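Peer 1: Sharing input.pdb (PDB, C-alpha atoms and all ligand atoms) below.
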ATOM      1  CA  MET A1187    -211.536  80.235 -52.212
ATOM      2  CA  GLU A1188    -208.975  78.256 -50.338
ATOM      3  CA  VAL A1189    -206.738  75.872 -52.234
ATOM      4  CA  TYR A1190    -207.291  73.418 -49.403
ATOM      5  CA  ASN A1191    -211.060  73.305 -50.134
ATOM      6  CA  LEU A1192    -210.433  72.890 -53.845
ATOM      7  CA  ILE A1193    -208.159  69.912 -53.181
ATOM      8  CA  LEU A1194    -210.834  68.414 -50.919
ATOM      9  CA  ALA A1195    -213.412  68.893 -53.695
ATOM     10  CA  ILE A1196    -211.147  67.115 -56.206
ATOM     11  CA  ILE A1197    -210.552  64.204 -53.805
ATOM     12  CA  PHE A1198    -214.302  64.022 -53.167
ATOM     13  CA  GLY A1199    -214.816  63.872 -56.952
ATOM     14  CA  ILE A1200    -212.227  61.118 -57.359
ATOM     15  CA  LEU A1201    -213.939  59.029 -54.660
ATOM     16  CA  ILE A1202    -217.298  59.494 -56.404
ATOM     17  CA  GLY A1203    -215.586  58.439 -59.653
ATOM     18  CA  SER A1204    -214.561  55.224 -57.941
ATOM     19  CA  PHE A1205    -218.218  54.538 -57.167
ATOM     20  CA  LEU A1206    -219.240  55.538 -60.722
ATOM     21  CA  ASN A1207    -216.900  52.846 -62.088
ATOM     22  CA  VAL A1208    -218.920  50.268 -60.156
ATOM     23  CA  VAL A1209    -222.145  51.774 -61.522
ATOM     24  CA  ILE A1210    -220.773  51.661 -65.096
ATOM     25  CA  LEU A1211    -219.729  48.029 -64.656
ATOM     26  CA  ARG A1212    -222.911  46.779 -63.032
ATOM     27  CA  ILE A1213    -225.879  48.858 -64.195
ATOM     28  CA  PRO A1214    -225.992  47.587 -67.798
ATOM     29  CA  LYS A1215    -225.963  44.046 -66.388
ATOM     30  CA  ASN A1216    -228.666  44.928 -63.856
ATOM     31  CA  GLU A1217    -226.418  43.918 -60.981
ATOM     32  CA  ASN A1218    -226.730  45.343 -57.501
ATOM     33  CA  ILE A1219    -224.412  48.363 -57.180
ATOM     34  CA  ILE A1220    -223.676  47.910 -53.468
ATOM     35  CA  PHE A1221    -223.147  44.134 -53.102
ATOM     36  CA  PRO A1222    -221.002  42.166 -53.603
ATOM     37  CA  ALA A1223    -217.912  44.147 -52.622
ATOM     38  CA  SER A1224    -215.418  45.115 -55.335
ATOM     39  CA  HIS A1225    -213.804  42.160 -57.017
ATOM     40  CA  CYS A1226    -211.531  41.580 -59.994
ATOM     41  CA  PRO A1227    -213.806  41.204 -63.045
ATOM     42  CA  THR A1228    -211.559  38.420 -64.381
ATOM     43  CA  CYS A1229    -210.610  36.176 -61.446
ATOM     44  CA  LYS A1230    -213.441  37.385 -59.160
ATOM     45  CA  THR A1231    -211.072  37.628 -56.165
ATOM     46  CA  PRO A1232    -212.425  40.202 -53.683
ATOM     47  CA  LEU A1233    -210.111  43.206 -53.522
ATOM     48  CA  LYS A1234    -208.323  44.362 -50.361
ATOM     49  CA  TRP A1235    -208.805  48.016 -49.498
ATOM     50  CA  TRP A1236    -205.272  48.879 -50.617
ATOM     51  CA  HIS A1237    -206.044  47.487 -54.092
ATOM     52  CA  ASN A1238    -208.948  49.830 -54.260
ATOM     53  CA  ILE A1239    -207.494  53.314 -53.702
ATOM     54  CA  PRO A1240    -208.606  55.432 -56.661
ATOM     55  CA  ILE A1241    -205.877  56.179 -59.255
ATOM     56  CA  ILE A1242    -203.043  55.383 -56.788
ATOM     57  CA  SER A1243    -203.660  51.619 -56.692
ATOM     58  CA  TYR A1244    -203.810  51.506 -60.483
ATOM     59  CA  ILE A1245    -200.366  53.127 -60.668
ATOM     60  CA  PHE A1246    -198.817  50.892 -57.994
ATOM     61  CA  LEU A1247    -200.327  47.712 -59.466
ATOM     62  CA  LYS A1248    -199.047  48.902 -62.881
ATOM     63  CA  GLY A1249    -202.522  48.417 -64.295
ATOM     64  CA  LYS A1250    -202.699  44.701 -63.433
ATOM     65  CA  CYS A1251    -204.818  42.667 -60.994
ATOM     66  CA  ALA A1252    -202.785  41.852 -57.834
ATOM     67  CA  PHE A1253    -203.963  38.213 -57.965
ATOM     68  CA  CYS A1254    -204.306  37.038 -61.560
ATOM     69  CA  LYS A1255    -202.164  39.774 -63.184
ATOM     70  CA  GLU A1256    -204.868  40.352 -65.764
ATOM     71  CA  LYS A1257    -204.839  43.902 -67.178
ATOM     72  CA  ILE A1258    -207.160  46.350 -65.427
ATOM     73  CA  SER A1259    -209.039  48.624 -67.814
ATOM     74  CA  ILE A1260    -207.656  52.169 -68.081
ATOM     75  CA  GLN A1261    -211.325  53.171 -67.789
ATOM     76  CA  TYR A1262    -211.066  52.969 -63.977
ATOM     77  CA  PRO A1263    -208.412  55.612 -63.342
ATOM     78  CA  LEU A1264    -209.706  57.758 -66.234
ATOM     79  CA  VAL A1265    -213.248  57.895 -64.852
ATOM     80  CA  GLU A1266    -211.857  58.689 -61.379
ATOM     81  CA  LEU A1267    -209.695  61.450 -62.804
ATOM     82  CA  ALA A1268    -212.494  62.891 -64.954
ATOM     83  CA  SER A1269    -214.830  62.831 -61.983
ATOM     84  CA  GLY A1270    -212.267  64.635 -59.809
ATOM     85  CA  ILE A1271    -211.776  67.268 -62.532
ATOM     86  CA  ILE A1272    -215.553  67.798 -62.967
ATOM     87  CA  VAL A1273    -216.220  68.248 -59.246
ATOM     88  CA  GLY A1274    -213.118  70.444 -58.848
ATOM     89  CA  ILE A1275    -214.031  72.709 -61.764
ATOM     90  CA  VAL A1276    -217.713  73.096 -60.783
ATOM     91  CA  TYR A1277    -216.633  73.936 -57.229
ATOM     92  CA  TYR A1278    -214.024  76.384 -58.521
ATOM     93  CA  LYS A1279    -216.495  78.119 -60.843
ATOM     94  CA  ASN A1280    -219.740  78.027 -58.843
ATOM     95  CA  GLY A1281    -218.714  77.405 -55.240
ATOM     96  CA  PHE A1282    -220.560  74.957 -53.069
ATOM     97  CA  ASP A1283    -224.332  75.007 -52.615
ATOM     98  CA  ILE A1284    -227.321  72.871 -53.535
ATOM     99  CA  TYR A1285    -227.285  74.179 -57.149
ATOM    100  CA  SER A1286    -223.598  73.329 -57.572
ATOM    101  CA  LEU A1287    -224.293  69.851 -56.263
ATOM    102  CA  MET A1288    -227.086  69.436 -58.836
ATOM    103  CA  LEU A1289    -224.758  70.605 -61.602
ATOM    104  CA  MET A1290    -222.020  68.198 -60.450
ATOM    105  CA  ALA A1291    -224.584  65.380 -60.370
ATOM    106  CA  SER A1292    -225.730  66.261 -63.895
ATOM    107  CA  PHE A1293    -222.185  66.289 -65.326
ATOM    108  CA  LEU A1294    -221.221  63.123 -63.431
ATOM    109  CA  SER A1295    -224.256  61.242 -64.699
ATOM    110  CA  LEU A1296    -223.346  62.400 -68.217
ATOM    111  CA  LEU A1297    -219.883  60.935 -67.586
ATOM    112  CA  VAL A1298    -221.496  57.592 -66.734
ATOM    113  CA  SER A1299    -223.775  57.766 -69.819
ATOM    114  CA  SER A1300    -220.763  58.597 -71.985
ATOM    115  CA  VAL A1301    -218.685  55.639 -70.808
ATOM    116  CA  VAL A1302    -221.651  53.261 -70.992
ATOM    117  CA  ASP A1303    -222.369  54.561 -74.511
ATOM    118  CA  LEU A1304    -218.724  54.006 -75.530
ATOM    119  CA  LYS A1305    -218.521  50.557 -73.924
ATOM    120  CA  TYR A1306    -221.902  48.982 -74.519
ATOM    121  CA  LYS A1307    -223.499  51.211 -77.193
ATOM    122  CA  ALA A1308    -226.644  51.106 -75.135
ATOM    123  CA  ILE A1309    -227.900  53.060 -72.196
ATOM    124  CA  THR A1310    -230.671  52.442 -69.798
ATOM    125  CA  TYR A1311    -233.708  54.689 -69.267
ATOM    126  CA  ILE A1312    -232.608  55.719 -65.812
ATOM    127  CA  MET A1313    -229.232  56.871 -67.205
ATOM    128  CA  ASN A1314    -231.060  58.815 -69.929
ATOM    129  CA  ILE A1315    -233.173  60.869 -67.559
ATOM    130  CA  LEU A1316    -230.756  61.472 -64.667
ATOM    131  CA  PRO A1317    -228.551  64.185 -66.283
ATOM    132  CA  VAL A1318    -231.490  66.321 -67.439
ATOM    133  CA  THR A1319    -233.331  65.900 -64.145
ATOM    134  CA  PHE A1320    -230.363  67.201 -62.142
ATOM    135  CA  ALA A1321    -229.762  69.914 -64.755
ATOM    136  CA  ILE A1322    -233.270  71.361 -64.349
ATOM    137  CA  PHE A1323    -232.509  72.008 -60.663
ATOM    138  CA  SER A1324    -229.017  73.405 -61.247
ATOM    139  CA  ASN A1325    -230.068  77.024 -60.588
ATOM    140  CA  GLU A1326    -233.058  78.892 -59.196
ATOM    141  CA  ASP A1327    -234.761  79.394 -62.603
ATOM    142  CA  ILE A1328    -236.251  75.917 -62.544
ATOM    143  CA  LEU A1329    -239.195  76.704 -64.852
ATOM    144  CA  GLU A1330    -236.923  78.415 -67.384
ATOM    145  CA  ASN A1331    -234.538  75.434 -67.314
ATOM    146  CA  PHE A1332    -237.444  73.042 -67.808
ATOM    147  CA  LYS A1333    -238.752  75.089 -70.746
ATOM    148  CA  ASN A1334    -235.312  75.125 -72.386
ATOM    149  CA  ALA A1335    -234.917  71.368 -71.837
ATOM    150  CA  LEU A1336    -238.245  70.775 -73.583
ATOM    151  CA  LEU A1337    -237.324  73.123 -76.451
ATOM    152  CA  LEU A1338    -233.987  71.432 -77.080
ATOM    153  CA  ALA A1339    -235.465  67.924 -76.798
ATOM    154  CA  GLY A1340    -238.232  68.867 -79.233
ATOM    155  CA  GLY A1341    -235.724  70.455 -81.607
ATOM    156  CA  ALA A1342    -233.569  67.344 -81.416
ATOM    157  CA  VAL A1343    -236.471  65.059 -82.365
ATOM    158  CA  PHE A1344    -237.295  67.405 -85.242
ATOM    159  CA  ILE A1345    -233.683  67.329 -86.526
ATOM    160  CA  ARG A1346    -233.428  63.568 -86.000
ATOM    161  CA  ASP A1347    -236.514  62.853 -88.062
ATOM    162  CA  TYR A1348    -235.259  65.006 -90.924
ATOM    163  CA  VAL A1349    -231.776  63.470 -90.884
ATOM    164  CA  SER A1350    -233.226  59.961 -90.524
ATOM    165  CA  ALA A1351    -235.427  60.535 -93.558
ATOM    166  CA  PHE A1352    -232.370  61.532 -95.599
ATOM    167  CA  ILE A1353    -230.058  58.702 -94.577
ATOM    168  CA  ASN A1354    -232.915  56.244 -94.261
ATOM    169  CA  LYS A1355    -231.953  54.994 -90.817
ATOM    170  CA  GLU A1356    -232.342  56.200 -87.257
ATOM    171  CA  ALA A1357    -229.923  59.113 -86.860
ATOM    172  CA  MET A1358    -229.980  59.583 -83.091
ATOM    173  CA  GLY A1359    -231.051  57.563 -80.119
ATOM    174  CA  ASP A1360    -233.179  58.597 -77.152
ATOM    175  CA  GLY A1361    -229.990  58.988 -75.129
ATOM    176  CA  ASP A1362    -228.691  61.670 -77.509
ATOM    177  CA  ILE A1363    -232.005  63.546 -77.396
ATOM    178  CA  LEU A1364    -231.851  63.712 -73.608
ATOM    179  CA  VAL A1365    -228.319  65.139 -73.742
ATOM    180  CA  PHE A1366    -229.763  67.906 -75.954
ATOM    181  CA  ALA A1367    -232.358  68.481 -73.230
ATOM    182  CA  THR A1368    -229.624  68.611 -70.574
ATOM    183  CA  MET A1369    -227.799  71.226 -72.656
ATOM    184  CA  GLY A1370    -230.952  73.322 -72.868
ATOM    185  CA  ALA A1371    -231.477  73.214 -69.108
ATOM    186  CA  ILE A1372    -227.882  74.127 -68.242
ATOM    187  CA  LEU A1373    -226.929  76.496 -71.065
ATOM    188  CA  GLY A1374    -230.145  78.030 -72.391
ATOM    189  CA  ILE A1375    -230.857  78.202 -76.121
ATOM    190  CA  LYS A1376    -227.979  80.332 -77.485
ATOM    191  CA  LEU A1377    -225.161  78.508 -75.763
ATOM    192  CA  SER A1378    -226.767  75.120 -76.482
ATOM    193  CA  LEU A1379    -226.457  75.830 -80.199
ATOM    194  CA  ILE A1380    -222.736  76.468 -79.722
ATOM    195  CA  ALA A1381    -222.380  73.300 -77.638
ATOM    196  CA  LEU A1382    -224.134  71.288 -80.352
ATOM    197  CA  PHE A1383    -221.836  72.705 -82.974
ATOM    198  CA  LEU A1384    -218.791  71.875 -80.836
ATOM    199  CA  GLY A1385    -220.074  68.357 -80.121
ATOM    200  CA  ALA A1386    -220.602  67.767 -83.840
ATOM    201  CA  ILE A1387    -217.029  68.909 -84.561
ATOM    202  CA  PHE A1388    -215.665  66.505 -81.916
ATOM    203  CA  ALA A1389    -217.683  63.681 -83.458
ATOM    204  CA  ILE A1390    -216.195  64.329 -86.905
ATOM    205  CA  PHE A1391    -212.758  62.944 -85.967
ATOM    206  CA  PRO A1392    -213.868  59.400 -85.055
ATOM    207  CA  ALA A1393    -216.246  59.484 -88.023
ATOM    208  CA  ILE A1394    -213.290  60.210 -90.337
ATOM    209  CA  TYR A1395    -211.284  57.450 -88.654
ATOM    210  CA  ASN A1396    -214.244  55.142 -89.242
ATOM    211  CA  ARG A1397    -214.162  55.999 -92.924
ATOM    212  CA  ILE A1398    -210.386  55.677 -93.324
ATOM    213  CA  ALA A1399    -210.150  52.446 -91.348
ATOM    214  CA  GLN A1400    -213.100  51.161 -93.408
ATOM    215  CA  LYS A1401    -214.938  50.278 -90.247
ATOM    216  CA  ASP A1402    -218.658  50.466 -89.857
ATOM    217  CA  LEU A1403    -218.668  51.174 -86.144
ATOM    218  CA  GLU A1404    -221.779  52.665 -84.712
ATOM    219  CA  LEU A1405    -220.598  56.012 -83.456
ATOM    220  CA  PRO A1406    -221.507  56.927 -79.904
ATOM    221  CA  PHE A1407    -222.698  60.526 -79.837
ATOM    222  CA  ILE A1408    -223.263  61.072 -76.117
ATOM    223  CA  PRO A1409    -219.572  61.534 -75.160
ATOM    224  CA  PHE A1410    -219.054  64.236 -77.816
ATOM    225  CA  LEU A1411    -222.256  66.115 -76.999
ATOM    226  CA  SER A1412    -221.412  65.951 -73.300
ATOM    227  CA  LEU A1413    -217.902  67.250 -73.902
ATOM    228  CA  GLY A1414    -219.319  70.118 -75.995
ATOM    229  CA  LEU A1415    -221.747  70.937 -73.187
ATOM    230  CA  PHE A1416    -219.054  70.909 -70.496
ATOM    231  CA  ILE A1417    -216.620  73.100 -72.442
ATOM    232  CA  VAL A1418    -219.270  75.676 -73.390
ATOM    233  CA  TRP A1419    -220.507  75.772 -69.779
ATOM    234  CA  LEU A1420    -216.922  76.232 -68.554
ATOM    235  CA  PHE A1421    -216.239  79.151 -70.906
ATOM    236  CA  GLU A1422    -219.814  80.454 -71.140
ATOM    237  CA  ASN A1423    -218.858  84.117 -70.753
ATOM    238  CA  GLN A1424    -216.283  83.907 -73.524
ATOM    239  CA  PHE A1425    -218.707  82.057 -75.819
ATOM    240  CA  LEU A1426    -221.485  84.577 -75.102
ATOM    241  CA  GLU A1427    -219.085  87.384 -75.940
ATOM    242  CA  ILE A1428    -218.286  85.776 -79.300
ATOM    243  CA  TRP A1429    -221.992  85.214 -79.968
ATOM    244  CA  ASN A1430    -222.848  88.822 -79.166
ATOM    245  CA  LYS A1431    -220.072  90.076 -81.447
ATOM    246  CA  LEU A1432    -221.346  87.940 -84.319
ATOM    247  CA  TYR A1433    -225.019  88.798 -83.843
ATOM    248  CA  ALA A1434    -224.892  92.271 -82.364
TER     249      ALA A1434
HETATM  250 ZN    ZN A1501    -207.826  39.144 -61.093
END
Step by step, read the file and then write its structure as structure tokens.

Peer 2:
Amino acid sequence: MEVYNLILAIIFGILIGSFLNVVILRIPKNENIIFPASHCPTCKTPLKWWHNIPIISYIFLKGKCAFCKEKISIQYPLVELASGIIVGIVYYKNGFDIYSLMLMASFLSLLVSSVVDLKYKAITYIMNILPVTFAIFSNEDILENFKNALLLAGGAVFIRDYVSAFINKEAMGDGDILVFATMGAILGIKLSLIALFLGAIFAIFPAIYNRIAQKDLELPFIPFLSLGLFIVWLFENQFLEIWNKLYA
């Protein structure tokens, strides 16, 4: 693998991230994602192309709109960066073919779901089904992936109903269930269990903060599950080794 190609992949990812920011901003409001052209969300002034260079413009504008000086959300450069990292890592690990593209698309749509979940606490049906749909086609064992997606989704509903009965309120949303399904399709059953465990650990920290700060925030679960999925996928060989040692 040439470093040059890897850099191209990362830049490609950053550019996609720039588009994903528009999707994140407009999809929950049901706005058209192509028109109108990018504008400042506060003063509505259309942006010049040099205000719109991913990450770089944010740094040069010191995080403020060039016209009204209103703060620009750190979400923009972070999503661009995360997107660049995702595409770079998938390319580095799996190379470049149709299956890699499907995997990138699955992770990137999880990134969108995660940010929308954090920002709006609500996700749309199309955002629920995109990650798992791409995930099913992320390698040649499409039937196996589909089976594992169904198993994990079914298991998730089963767990949700038990937990909901105990705490007497809905424990997980449809969005969470479909991240379970995405895990199943990408990781298979064993590794999905590890990813779930990891996701639950990540979710503990904000839950503790919630308790300490005496806030009753509704905790988004999608970002933590997605992070668990990505990390387990990235180190799948190492995690499988640990699993096999424990259950040999
Ligand atoms: Zn402005």

Peer 1: Just the residues within 12 Å of stretch 1281-1283 of chain A, please, counting all atoms listed in the file, with nothing from its chain fewer than 3 positions along; format it as a VMD selection string.

Peer 2: chain A and resid 1187 to 1188 1191 to 1192 1194 to 1195 1273 to 1278 1286 to 1290 1323 to 1326

Peer 1: Using the chain letters and numbers from the file, give me the residues hit by the PyMOL selection byres (((chain A and resi 1357-1370) around 6) and not hetatm), as a list of chain:residue names.

Peer 2: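 This file, filtered by the PyMOL selection byres (((chain A and resi 1357-1370) around 6) and not hetatm), leaves A:Asn1314, A:Val1318, A:Ala1321, A:Asn1334, A:Ala1335, A:Leu1338, A:Ala1339, A:Ala1342, A:Arg1346, A:Ser1350, A:Glu1356, A:Ala1371, A:Ile1372, A:Leu1373, A:Gly1374, A:Ile1375, A:Ser1378, A:Ile1408.
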
Peer 1: Store the residues picked out above in a file with C-alpha atoms, as a PDB file, keeping the file's coordinate frame.

Peer 2:
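Generated file (result_38.pdb):
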ATOM      1  CA  ASN A1314    -231.060  58.815 -69.929  1.00  0.00           C
ATOM      2  CA  VAL A1318    -231.490  66.321 -67.439  1.00  0.00           C
ATOM      3  CA  ALA A1321    -229.762  69.914 -64.755  1.00  0.00           C
ATOM      4  CA  ASN A1334    -235.312  75.125 -72.386  1.00  0.00           C
ATOM      5  CA  ALA A1335    -234.917  71.368 -71.837  1.00  0.00           C
ATOM      6  CA  LEU A1338    -233.987  71.432 -77.080  1.00  0.00           C
ATOM      7  CA  ALA A1339    -235.465  67.924 -76.798  1.00  0.00           C
ATOM      8  CA  ALA A1342    -233.569  67.344 -81.416  1.00  0.00           C
ATOM      9  CA  ARG A1346    -233.428  63.568 -86.000  1.00  0.00           C
ATOM     10  CA  SER A1350    -233.226  59.961 -90.524  1.00  0.00           C
ATOM     11  CA  GLU A1356    -232.342  56.200 -87.257  1.00  0.00           C
ATOM     12  CA  ALA A1371    -231.477  73.214 -69.108  1.00  0.00           C
ATOM     13  CA  ILE A1372    -227.882  74.127 -68.242  1.00  0.00           C
ATOM     14  CA  LEU A1373    -226.929  76.496 -71.065  1.00  0.00           C
ATOM     15  CA  GLY A1374    -230.145  78.030 -72.391  1.00  0.00           C
ATOM     16  CA  ILE A1375    -230.857  78.202 -76.121  1.00  0.00           C
ATOM     17  CA  SER A1378    -226.767  75.120 -76.482  1.00  0.00           C
ATOM     18  CA  ILE A1408    -223.263  61.072 -76.117  1.00  0.00           C
TER      19      ILE A1408
END

Peer 1: Using 7 Å as the limit and counting all atoms listed in the file, can you tabulate each residue of chain A that touches ligand ZN 1501 (chain A), with its shortest atom-to-atom distance in Å and the two atoms involved, as JSON lines?

Peer 2:
{"residue": "A:Cys1226", "atom": "CA", "partner": "A:ZN1501", "partner_atom": "ZN", "distance": 4.6}
{"residue": "A:Pro1227", "atom": "CA", "partner": "A:ZN1501", "partner_atom": "ZN", "distance": 6.6}
{"residue": "A:Thr1228", "atom": "CA", "partner": "A:ZN1501", "partner_atom": "ZN", "distance": 5.0}
{"residue": "A:Cys1229", "atom": "CA", "partner": "A:ZN1501", "partner_atom": "ZN", "distance": 4.1}
{"residue": "A:Lys1230", "atom": "CA", "partner": "A:ZN1501", "partner_atom": "ZN", "distance": 6.2}
{"residue": "A:Thr1231", "atom": "CA", "partner": "A:ZN1501", "partner_atom": "ZN", "distance": 6.1}
{"residue": "A:Cys1251", "atom": "CA", "partner": "A:ZN1501", "partner_atom": "ZN", "distance": 4.6}
{"residue": "A:Ala1252", "atom": "CA", "partner": "A:ZN1501", "partner_atom": "ZN", "distance": 6.6}
{"residue": "A:Phe1253", "atom": "CA", "partner": "A:ZN1501", "partner_atom": "ZN", "distance": 5.1}
{"residue": "A:Cys1254", "atom": "CA", "partner": "A:ZN1501", "partner_atom": "ZN", "distance": 4.1}
{"residue": "A:Lys1255", "atom": "CA", "partner": "A:ZN1501", "partner_atom": "ZN", "distance": 6.1}
{"residue": "A:Glu1256", "atom": "CA", "partner": "A:ZN1501", "partner_atom": "ZN", "distance": 5.7}

Peer 1: Would you mind exporting C-alpha atoms of the selected residues as a tab-separated table (two decimals), keeping the file's coordinate frame?

Peer 2:
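Result went into part27.tsv, see below:
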chain	number	residue	atom	x	y	z
A	1226	CYS	CA	-211.53	41.58	-59.99
A	1227	PRO	CA	-213.81	41.20	-63.04
A	1228	THR	CA	-211.56	38.42	-64.38
A	1229	CYS	CA	-210.61	36.18	-61.45
A	1230	LYS	CA	-213.44	37.38	-59.16
A	1231	THR	CA	-211.07	37.63	-56.16
A	1251	CYS	CA	-204.82	42.67	-60.99
A	1252	ALA	CA	-202.78	41.85	-57.83
A	1253	PHE	CA	-203.96	38.21	-57.96
A	1254	CYS	CA	-204.31	37.04	-61.56
A	1255	LYS	CA	-202.16	39.77	-63.18
A	1256	GLU	CA	-204.87	40.35	-65.76

Peer 1: Please write as a list of chain:residue names the full residue list that the PyMOL selection byres (((chain A and resi 1235-1243) around 9) and not hetatm) yields on this file.

Peer 2: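 The output of the PyMOL selection byres (((chain A and resi 1235-1243) around 9) and not hetatm) on this file is A:Ile1200, A:Leu1201, A:Gly1203, A:Ser1204, A:Ser1224, A:Leu1233, A:Lys1234, A:Tyr1244, A:Ile1245, A:Phe1246, A:Leu1247, A:Lys1248, A:Gly1249, A:Cys1251, A:Ala1252, A:Tyr1262, A:Pro1263, A:Leu1264, A:Glu1266, A:Leu1267.
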
Peer 1: Given the choices A:Ala1386, A:Ser1269, A:Ile1258, A:Arg1212, which gets closest to A:Ile1197 if the distance is worked out from all atoms listed in the file?

Peer 2: A:Ser1269
